[in-house]
Amino acid sequence: MSDALLEVRDLSKSFGALVVADAVSLSLRPGARHALIGPNGAGKTTLVNLITGTVEPSAGVILLDGHDITHWPQARRVKRGLARTFQINTLFRGLSVLENVCMAVSERRSLSARLWRRADARGDVIAEAMALLESVKLDEDAQRQVRELPYGRQRLVELAIALGLHPKVLLLDEPAAGVPSTESHVLLEAVEALSESIAVLMIEHDMDIVFRFAQRITVLVSGAILTEGTPAEVGADPRVREVYLGENAELRGGSR
Ligand SMILES: Nc1ncnc2c1ncn2[C@@H]1O[C@H](COP(=O)(O)OP(=O)(O)O)[C@@H](O)[C@H]1O
Ligand SMILES: [Mg+2]
């Protein structure tokens with residue numbers, strides 16, 4: 001028996017002739033702080049899409065807390081404790097920060113967007129949303145429209161929304177992408193302050209963030225795992241350096 005919260009075994013996926021996941025195996029225990037790195041196009045986002053169920057694997061198994069979720073619909077995975085953020089900002093920019101988080105919370109509570117406006121249900125939802133915003137230090141921005149916030153703070157709103165799903169496993173797809181380095185530390189601090197019971201898998205291009213965050217690092221190249229190890233092991237691996245040598249300028253400039 002494995003004590004992993006999330007376990008991916010021999011997961012494979014091709015888009016036509018292009019192999020984007022090639023027998024990928026990965027395991028996260030409770031409290032894991034695991035980084036997934038690799039050049040653009042390596043298949044990192046696709047792996048997250050496979051795990052969350054937006055993309056169907058061609059082979060392999062995904063276990064969440066011991067349950068085989070490989071063929072579960074997305075919503076069922078979320079209910080079982082799997083949450084993600086996206087590489088790009090997916091917020092409602094014309095709504096307030098609080099409204100964005102309230103919608104996510106009420107969705108989890110299976111209330112319709114119309115219903116949560118009723119006074120009784122609404123008080124609860126707002127209280128929970130405010131607590132989430134406090135947890136990422138955004139409470140003072142609650143009433144502001146999302147579009148008024150600096151980009152780094154917008155990404156914090158997305159983190160609050162993902163946390164509102166009460167995840168056991170949290171998948172972060174480039175949470176700091178597009179965030180100036182002056183702001184990215186706020187995001188990293190919020191991630192570092194997450195409950196120790198949550199397992200976190202973070203895709204990230206900024207190596208300073210990766211090495212500060214991760215206990216383990218998996219390096220993905222052309223859909224296959226090149227290596228996995230501690231930050232010290234991965235940082236000293238000449239094959240990893242080789243992969244990143246030509247990429248370095250791009251690494252610093254962000255991704256996509
Ligand atoms: N839905 C899709 N259909 C066809 N090709 C795709 C699809 N999604 C991703 N790809 C391709 O798969 C490869 C891996 O993409 P992706 O997972 O986004 O990489 P990464 O996140 O590591 O940059 C890329 O070559 C990309 O163009
Ligand atoms: Mg990606």
# chains A, B, ... in the order shown; residues from 1 in each chain; ligands from 1
>>> select_by_dssp(residues="region 29-250 of chain A", states="strand (DSSP E or B)", output="PDB file with N, CA and C atoms, in the first residue's frame")
ATOM      1  N   ARG A  33       5.672  19.242  -1.343  1.00  0.00           N
ATOM      2  CA  ARG A  33       5.914  20.497  -2.067  1.00  0.00           C
ATOM      3  C   ARG A  33       6.773  20.105  -3.257  1.00  0.00           C
ATOM      4  N   HIS A  34       6.093  19.829  -4.366  1.00  0.00           N
ATOM      5  CA  HIS A  34       6.720  19.185  -5.511  1.00  0.00           C
ATOM      6  C   HIS A  34       6.657  20.128  -6.710  1.00  0.00           C
ATOM      7  N   ALA A  35       7.781  20.346  -7.338  1.00  0.00           N
ATOM      8  CA  ALA A  35       7.803  21.202  -8.528  1.00  0.00           C
ATOM      9  C   ALA A  35       7.916  20.347  -9.780  1.00  0.00           C
ATOM     10  N   LEU A  36       7.203  20.771 -10.829  1.00  0.00           N
ATOM     11  CA  LEU A  36       7.298  20.131 -12.141  1.00  0.00           C
ATOM     12  C   LEU A  36       7.880  21.160 -13.090  1.00  0.00           C
ATOM     13  N   ILE A  37       9.068  20.852 -13.605  1.00  0.00           N
ATOM     14  CA  ILE A  37       9.720  21.813 -14.496  1.00  0.00           C
ATOM     15  C   ILE A  37      10.028  21.134 -15.831  1.00  0.00           C
ATOM     16  N   ALA A  59      -3.252   5.792 -21.734  1.00  0.00           N
ATOM     17  CA  ALA A  59      -2.886   4.656 -20.886  1.00  0.00           C
ATOM     18  C   ALA A  59      -2.447   5.186 -19.531  1.00  0.00           C
ATOM     19  N   GLY A  60      -2.468   4.316 -18.546  1.00  0.00           N
ATOM     20  CA  GLY A  60      -1.998   4.697 -17.225  1.00  0.00           C
ATOM     21  C   GLY A  60      -3.114   4.843 -16.220  1.00  0.00           C
ATOM     22  N   VAL A  61      -2.729   5.095 -14.967  1.00  0.00           N
ATOM     23  CA  VAL A  61      -3.677   5.130 -13.861  1.00  0.00           C
ATOM     24  C   VAL A  61      -3.406   6.362 -13.001  1.00  0.00           C
ATOM     25  N   ILE A  62      -4.496   6.975 -12.511  1.00  0.00           N
ATOM     26  CA  ILE A  62      -4.375   8.090 -11.573  1.00  0.00           C
ATOM     27  C   ILE A  62      -5.126   7.715 -10.300  1.00  0.00           C
ATOM     28  N   LEU A  63      -4.428   7.749  -9.168  1.00  0.00           N
ATOM     29  CA  LEU A  63      -5.048   7.441  -7.877  1.00  0.00           C
ATOM     30  C   LEU A  63      -5.064   8.693  -7.020  1.00  0.00           C
ATOM     31  N   LEU A  64      -6.240   9.000  -6.454  1.00  0.00           N
ATOM     32  CA  LEU A  64      -6.363  10.122  -5.526  1.00  0.00           C
ATOM     33  C   LEU A  64      -6.816   9.557  -4.197  1.00  0.00           C
ATOM     34  N   HIS A  67      -8.206   6.150  -4.387  1.00  0.00           N
ATOM     35  CA  HIS A  67      -9.274   5.863  -5.344  1.00  0.00           C
ATOM     36  C   HIS A  67      -8.753   5.981  -6.769  1.00  0.00           C
ATOM     37  N   ASP A  68      -9.139   5.022  -7.594  1.00  0.00           N
ATOM     38  CA  ASP A  68      -8.768   5.100  -9.011  1.00  0.00           C
ATOM     39  C   ASP A  68      -9.692   6.103  -9.697  1.00  0.00           C
ATOM     40  N   LEU A  82      -9.326  17.458  -5.330  1.00  0.00           N
ATOM     41  CA  LEU A  82      -8.320  17.834  -6.326  1.00  0.00           C
ATOM     42  C   LEU A  82      -8.645  19.216  -6.887  1.00  0.00           C
ATOM     43  N   ALA A  83      -7.778  20.192  -6.666  1.00  0.00           N
ATOM     44  CA  ALA A  83      -8.030  21.540  -7.170  1.00  0.00           C
ATOM     45  C   ALA A  83      -6.827  22.040  -7.950  1.00  0.00           C
ATOM     46  N   ARG A  84      -7.083  22.988  -8.837  1.00  0.00           N
ATOM     47  CA  ARG A  84      -6.007  23.514  -9.669  1.00  0.00           C
ATOM     48  C   ARG A  84      -6.164  25.018  -9.862  1.00  0.00           C
ATOM     49  N   THR A  85      -5.064  25.638 -10.258  1.00  0.00           N
ATOM     50  CA  THR A  85      -5.157  26.972 -10.846  1.00  0.00           C
ATOM     51  C   THR A  85      -4.618  26.847 -12.262  1.00  0.00           C
ATOM     52  N   SER A  96     -16.068  42.197  -8.266  1.00  0.00           N
ATOM     53  CA  SER A  96     -15.146  42.432  -7.158  1.00  0.00           C
ATOM     54  C   SER A  96     -14.416  41.140  -6.805  1.00  0.00           C
ATOM     55  N   GLN A 145     -12.656  45.907  -7.741  1.00  0.00           N
ATOM     56  CA  GLN A 145     -12.809  45.088  -8.944  1.00  0.00           C
ATOM     57  C   GLN A 145     -11.487  44.393  -9.245  1.00  0.00           C
ATOM     58  N   VAL A 169      -5.146  17.965  -2.628  1.00  0.00           N
ATOM     59  CA  VAL A 169      -4.063  18.115  -3.594  1.00  0.00           C
ATOM     60  C   VAL A 169      -4.316  19.374  -4.413  1.00  0.00           C
ATOM     61  N   LEU A 170      -3.311  20.221  -4.489  1.00  0.00           N
ATOM     62  CA  LEU A 170      -3.443  21.490  -5.204  1.00  0.00           C
ATOM     63  C   LEU A 170      -2.416  21.533  -6.326  1.00  0.00           C
ATOM     64  N   LEU A 171      -2.911  21.749  -7.551  1.00  0.00           N
ATOM     65  CA  LEU A 171      -2.034  21.799  -8.716  1.00  0.00           C
ATOM     66  C   LEU A 171      -1.956  23.242  -9.192  1.00  0.00           C
ATOM     67  N   LEU A 172      -0.765  23.813  -9.189  1.00  0.00           N
ATOM     68  CA  LEU A 172      -0.587  25.216  -9.554  1.00  0.00           C
ATOM     69  C   LEU A 172       0.184  25.295 -10.869  1.00  0.00           C
ATOM     70  N   ASP A 173      -0.497  25.760 -11.921  1.00  0.00           N
ATOM     71  CA  ASP A 173       0.160  25.838 -13.232  1.00  0.00           C
ATOM     72  C   ASP A 173       0.704  27.248 -13.441  1.00  0.00           C
ATOM     73  N   ALA A 199      -1.115  18.599  -0.297  1.00  0.00           N
ATOM     74  CA  ALA A 199       0.004  18.293  -1.185  1.00  0.00           C
ATOM     75  C   ALA A 199      -0.046  19.265  -2.357  1.00  0.00           C
ATOM     76  N   VAL A 200       1.085  19.892  -2.674  1.00  0.00           N
ATOM     77  CA  VAL A 200       1.113  20.901  -3.733  1.00  0.00           C
ATOM     78  C   VAL A 200       2.061  20.474  -4.856  1.00  0.00           C
ATOM     79  N   LEU A 201       1.544  20.499  -6.084  1.00  0.00           N
ATOM     80  CA  LEU A 201       2.387  20.316  -7.270  1.00  0.00           C
ATOM     81  C   LEU A 201       2.400  21.640  -8.014  1.00  0.00           C
ATOM     82  N   MET A 202       3.584  22.223  -8.161  1.00  0.00           N
ATOM     83  CA  MET A 202       3.683  23.529  -8.813  1.00  0.00           C
ATOM     84  C   MET A 202       4.513  23.449 -10.084  1.00  0.00           C
ATOM     85  N   ILE A 203       3.896  23.885 -11.194  1.00  0.00           N
ATOM     86  CA  ILE A 203       4.661  24.084 -12.415  1.00  0.00           C
ATOM     87  C   ILE A 203       5.199  25.504 -12.354  1.00  0.00           C
ATOM     88  N   ARG A 216      10.882  18.307  -3.664  1.00  0.00           N
ATOM     89  CA  ARG A 216      11.261  17.425  -4.766  1.00  0.00           C
ATOM     90  C   ARG A 216      10.946  18.109  -6.093  1.00  0.00           C
ATOM     91  N   ILE A 217      11.718  17.727  -7.101  1.00  0.00           N
ATOM     92  CA  ILE A 217      11.532  18.309  -8.430  1.00  0.00           C
ATOM     93  C   ILE A 217      11.481  17.182  -9.461  1.00  0.00           C
ATOM     94  N   THR A 218      10.483  17.252 -10.330  1.00  0.00           N
ATOM     95  CA  THR A 218      10.434  16.350 -11.476  1.00  0.00           C
ATOM     96  C   THR A 218      10.712  17.166 -12.735  1.00  0.00           C
ATOM     97  N   VAL A 219      11.606  16.641 -13.563  1.00  0.00           N
ATOM     98  CA  VAL A 219      11.946  17.335 -14.811  1.00  0.00           C
ATOM     99  C   VAL A 219      11.326  16.574 -15.976  1.00  0.00           C
ATOM    100  N   LEU A 220      10.467  17.272 -16.709  1.00  0.00           N
ATOM    101  CA  LEU A 220       9.777  16.668 -17.844  1.00  0.00           C
ATOM    102  C   LEU A 220      10.374  17.217 -19.138  1.00  0.00           C
ATOM    103  N   VAL A 221      10.709  16.318 -20.057  1.00  0.00           N
ATOM    104  CA  VAL A 221      11.234  16.739 -21.355  1.00  0.00           C
ATOM    105  C   VAL A 221      10.554  15.892 -22.432  1.00  0.00           C
ATOM    106  N   ALA A 224       8.347  13.002 -21.323  1.00  0.00           N
ATOM    107  CA  ALA A 224       8.890  11.931 -20.481  1.00  0.00           C
ATOM    108  C   ALA A 224       9.674  12.523 -19.309  1.00  0.00           C
ATOM    109  N   ILE A 225       9.711  11.784 -18.225  1.00  0.00           N
ATOM    110  CA  ILE A 225      10.472  12.253 -17.075  1.00  0.00           C
ATOM    111  C   ILE A 225      11.961  12.029 -17.322  1.00  0.00           C
ATOM    112  N   LEU A 226      12.704  13.134 -17.286  1.00  0.00           N
ATOM    113  CA  LEU A 226      14.154  13.051 -17.442  1.00  0.00           C
ATOM    114  C   LEU A 226      14.775  12.600 -16.128  1.00  0.00           C
ATOM    115  N   THR A 227      14.303  13.214 -15.033  1.00  0.00           N
ATOM    116  CA  THR A 227      14.790  12.819 -13.718  1.00  0.00           C
ATOM    117  C   THR A 227      13.861  13.372 -12.642  1.00  0.00           C
ATOM    118  N   GLU A 228      13.963  12.775 -11.449  1.00  0.00           N
ATOM    119  CA  GLU A 228      13.264  13.319 -10.294  1.00  0.00           C
ATOM    120  C   GLU A 228      14.187  13.232  -9.100  1.00  0.00           C
ATOM    121  N   GLY A 229      14.173  14.266  -8.260  1.00  0.00           N
ATOM    122  CA  GLY A 229      15.026  14.218  -7.079  1.00  0.00           C
ATOM    123  C   GLY A 229      14.855  15.439  -6.213  1.00  0.00           C
TER     124      GLY A 229
END
>>> residues_around(residues="region 130-136 of chain A", least_positions_apart="4", cutoff="8 Å", atoms="only C-alpha atoms", output="list in words")
Leu98, Ile126, Ala142, Leu156, Val157, Leu159, Ala160, Ile161, Leu163, Gly164 and Ala190 of chain A
>>> closest_atom_pairs(of="chain A", to="ligand 1", cutoff="9 Å", atoms="only C-alpha atoms and all ligand atoms", output="CSV")
residue,atom,partner,partner_atom_place_in_ligand_line,distance
A:Ser14,CA,ligand 1,12 (O),8.1
A:Phe15,CA,ligand 1,4 (C),4.9
A:Gly16,CA,ligand 1,4 (C),7.5
A:Leu18,CA,ligand 1,12 (O),7.1
A:Val19,CA,ligand 1,12 (O),7.6
A:Val20,CA,ligand 1,12 (O),5.2
A:Ala21,CA,ligand 1,14 (C),8.3
A:Ile37,CA,ligand 1,22 (O),7.8
A:Gly38,CA,ligand 1,22 (O),6.3
A:Pro39,CA,ligand 1,22 (O),6.2
A:Asn40,CA,ligand 1,23 (O),3.7
A:Gly41,CA,ligand 1,19 (O),3.5
A:Ala42,CA,ligand 1,22 (O),3.8
A:Gly43,CA,ligand 1,17 (O),3.2
A:Lys44,CA,ligand 1,22 (O),3.7
A:Thr45,CA,ligand 1,21 (O),3.7
A:Thr46,CA,ligand 1,17 (O),3.6
A:Leu47,CA,ligand 1,17 (O),6.5
A:Val48,CA,ligand 1,17 (O),8.0
A:Asn49,CA,ligand 1,17 (O),8.1
A:Val55,CA,ligand 1,1 (N),7.9
A:Gln87,CA,ligand 1,21 (O),8.4
A:Asp173,CA,ligand 1,21 (O),8.1
A:Glu174,CA,ligand 1,21 (O),8.9
A:Ile203,CA,ligand 1,21 (O),8.2
A:Leu220,CA,ligand 1,22 (O),7.7
A:Val221,CA,ligand 1,22 (O),8.1
A:Ser222,CA,ligand 1,14 (C),7.7
A:Gly223,CA,ligand 1,14 (C),7.3
A:Ser255,CA,ligand 1,23 (O),7.6
A:Arg256,CA,ligand 1,23 (O),6.3
>>> closest_residue(among="A:Tyr151, A:Phe92, A:Phe213, A:Phe86", to="ligand 2", atoms="only C-alpha atoms and all ligand atoms")
A:Phe86
>>> select_by_dssp(residues="region 15-134 of chain A", states="helix (DSSP H, G or I)", output="JSON, numbers by chain")
{"A": [44, 45, 46, 47, 48, 49, 50, 51, 52, 74, 75, 76, 77, 78, 79, 97, 98, 99, 100, 101, 102, 103, 104, 105, 106, 107, 108, 115, 116, 117, 119, 120, 121, 122, 123, 124, 125, 126, 127, 128, 129, 130, 131, 132, 133, 134]}
>>> closest_residue(among="A:Ile88, A:Val8, A:Cys102, A:Ile198", to="Gly178 (chain A)", atoms="only C-alpha atoms")
A:Ile88
